>>> print(open('run_32.txt').read())   # compact mmCIF, C-alpha atoms
# COMPACT_ATOMS: atom_id res chain seq x y z
CA MET C 1 -35.82 30.38 -7.45
CA ARG C 2 -32.29 29.07 -7.77
CA ARG C 3 -33.12 25.80 -6.07
CA PHE C 4 -36.05 25.27 -8.41
CA ALA C 5 -33.85 25.94 -11.50
CA ALA C 6 -31.24 23.43 -10.33
CA ARG C 7 -33.86 20.73 -9.84
CA GLN C 8 -35.31 21.34 -13.27
CA ARG C 9 -31.94 20.58 -14.88
CA GLY C 10 -31.66 17.34 -12.95
CA ARG C 11 -28.64 18.21 -10.82
CA PRO C 12 -28.53 16.55 -7.43
CA GLN C 13 -28.15 18.79 -4.43
CA LEU C 14 -24.76 17.98 -2.88
CA ASN C 15 -23.14 19.82 -0.06
CA GLY C 16 -19.49 20.87 -0.32
CA ARG C 17 -18.25 17.98 1.79
CA THR C 18 -19.84 15.26 -0.38
CA SER C 19 -18.67 16.91 -3.58
CA MET C 20 -15.10 17.13 -2.27
CA ALA C 21 -15.09 13.47 -1.23
CA ILE C 22 -16.27 12.37 -4.68
CA GLU C 23 -13.60 14.50 -6.39
CA THR C 24 -10.91 13.01 -4.15
CA ILE C 25 -11.99 9.44 -4.83
CA LEU C 26 -12.17 10.02 -8.59
CA GLY C 27 -8.77 11.73 -8.58
CA LEU C 28 -7.25 8.76 -6.78
CA ILE C 29 -8.85 6.31 -9.21
CA ASP C 30 -7.56 8.32 -12.19
CA GLY C 31 -4.05 8.55 -10.80
CA ILE C 32 -3.73 4.93 -9.72
CA SER C 33 -5.10 3.55 -12.99
CA LEU C 34 -2.77 5.70 -15.10
CA VAL C 35 0.29 4.79 -13.01
CA ALA C 36 -0.63 1.09 -13.28
CA ALA C 37 -1.02 1.40 -17.06
CA SER C 38 2.34 3.15 -17.28
CA LEU C 39 4.04 0.30 -15.44
CA VAL C 40 2.75 -2.16 -18.03
CA LEU C 41 4.00 0.02 -20.88
CA LEU C 42 7.38 0.59 -19.28
CA PHE C 43 7.75 -3.16 -18.71
CA LEU C 44 6.93 -3.71 -22.39
CA ALA C 45 9.56 -1.14 -23.34
CA LEU C 46 12.15 -3.06 -21.34
CA LYS C 47 11.29 -6.50 -22.71
CA THR C 48 10.71 -5.87 -26.42
CA ASN C 49 13.44 -6.18 -29.05
CA MET C 50 11.87 -3.98 -31.74
CA PRO C 51 13.37 -0.48 -31.49
CA SER C 52 10.32 1.42 -32.77
CA LEU C 53 7.94 -0.46 -30.45
CA ARG C 54 10.34 0.09 -27.56
CA ILE C 55 10.41 3.85 -28.12
CA LEU C 56 6.65 4.07 -28.64
CA SER C 57 6.00 2.08 -25.45
CA LEU C 58 8.48 4.20 -23.54
CA LEU C 59 6.95 7.49 -24.68
CA LEU C 60 3.39 6.36 -24.01
CA GLY C 61 4.43 4.91 -20.64
CA LEU C 62 6.13 8.16 -19.65
CA PHE C 63 3.01 10.07 -20.67
CA ALA C 64 0.79 7.79 -18.57
CA LEU C 65 3.18 8.00 -15.60
CA SER C 66 3.47 11.80 -15.66
CA HIS C 67 -0.28 12.25 -16.16
CA GLY C 68 -1.08 9.75 -13.40
CA LEU C 69 1.28 11.55 -11.02
CA TYR C 70 -0.39 14.79 -12.01
CA HIS C 71 -3.77 13.39 -10.94
CA LEU C 72 -2.38 12.00 -7.68
CA PHE C 73 -0.48 15.15 -6.74
CA PHE C 74 -3.33 17.42 -7.76
CA THR C 75 -5.74 15.39 -5.65
CA LEU C 76 -3.59 14.90 -2.57
CA VAL C 77 -0.64 17.21 -2.20
CA ILE C 78 0.43 20.13 -4.31
CA GLY C 79 -2.59 21.18 -6.34
CA TYR C 80 -1.93 23.87 -8.89
CA THR C 81 1.85 23.42 -8.99
CA ALA C 82 1.13 19.98 -10.41
CA ARG C 83 -0.89 21.62 -13.16
CA ALA C 84 2.03 23.84 -14.13
CA VAL C 85 4.76 21.18 -14.17
CA LEU C 86 3.35 17.68 -14.62
CA ASP C 87 0.52 18.60 -16.95
CA SER C 88 2.86 20.36 -19.36
CA LEU C 89 5.34 17.49 -19.09
CA SER C 90 2.65 14.95 -19.94
CA VAL C 91 1.60 17.03 -22.96
CA ILE C 92 5.22 17.09 -24.16
CA PHE C 93 5.41 13.28 -23.89
CA LEU C 94 2.10 12.84 -25.72
CA VAL C 95 3.05 15.19 -28.57
CA THR C 96 6.46 13.49 -28.87
CA PHE C 97 4.69 10.13 -29.03
CA ALA C 98 2.36 11.39 -31.77
CA VAL C 99 5.20 12.86 -33.84
CA TYR C 100 7.31 9.72 -33.50
CA PHE C 101 4.33 7.51 -34.38
CA THR C 102 3.62 9.48 -37.55
CA LYS C 103 7.28 9.22 -38.60
CA LYS C 104 8.27 5.68 -37.56
CA GLY C 105 5.26 3.85 -36.25
CA SER C 106 3.53 1.40 -38.49
CA LEU C 107 1.13 -1.43 -37.88
CA ALA C 108 2.43 -3.57 -40.75
>>> encode(input="run_32.txt", output="structure tokens")
Amino acid sequence: MRRFAARQRGRPQLNGRTSMAIETILGLIDGISLVAASLVLLFLALKTNMPSLRILSLLLGLFALSHGLYHLFFTLVIGYTARAVLDSLSVIFLVTFAVYFTKKGSLA
């Protein structure tokens, strides 16, 4: 009965090994792409002369770096400790970025 209900919803039948391999690959892709994006933003923060753009790039780059490390560490090494430390750190950077953008950031 359970197998029939799962097929009706359109879920593929994966064993635990295949599901774990897909989660590992997607975690690595998430982590590597976020770390690469953070390097671009941190480079922009170093090279720009506008103070508000420098701070915005730095905060967004630190968010991307901490969140990318969270994905890498959660996938490969430390698991739930990464959730406690790096996830909360990335949220702090993102909220700081949002507050600073509402106060100082402008597109004009």
>>> atom_distance(input="run_32.txt", atom1="CA of Tyr80 in chain C", atom2="CA of Ala21 in chain C")
18.4 Å
>>> closest_residue(input="run_32.txt", among="C:Met50, C:Val77, C:Leu65, C:Ile92", to="Ser33 in chain C", atoms="all atoms listed in the file")
C:Leu65
>>> atom_distance(input="run_32.txt", atom1="CA of Gly27 in chain C", atom2="CA of Leu86 in chain C")
14.8 Å
>>> atom_distance(input="run_32.txt", atom1="CA of Thr75 in chain C", atom2="CA of Ala36 in chain C")
17.0 Å
>>> closest_residue(input="run_32.txt", among="C:Leu60, C:His67, C:Tyr100, C:Leu34", to="Ala84 in chain C", atoms="all atoms listed in the file")
C:His67
>>> residues_around(input="run_32.txt", residues="Ala98 in chain C", least_positions_apart="2", cutoff="12 Å", atoms="all atoms listed in the file", output="number ranges by chain")
C: 55-57, 59-60, 63, 91-96, 100-105
>>> closest_residue(input="run_32.txt", among="C:Leu76, C:Leu62, C:Leu41, C:Ala82", to="Met20 in chain C", atoms="only C-alpha atoms")
C:Leu76
>>> axis_aligned_box(input="run_32.txt", around="range 55-68 of chain C", padding_each_side="6 Å", output="lines of an AutoDock Vina configuration file")
center_x = 4.7
center_y = 7.2
center_z = -21.0
size_x = 23.5
size_y = 22.2
size_z = 27.2
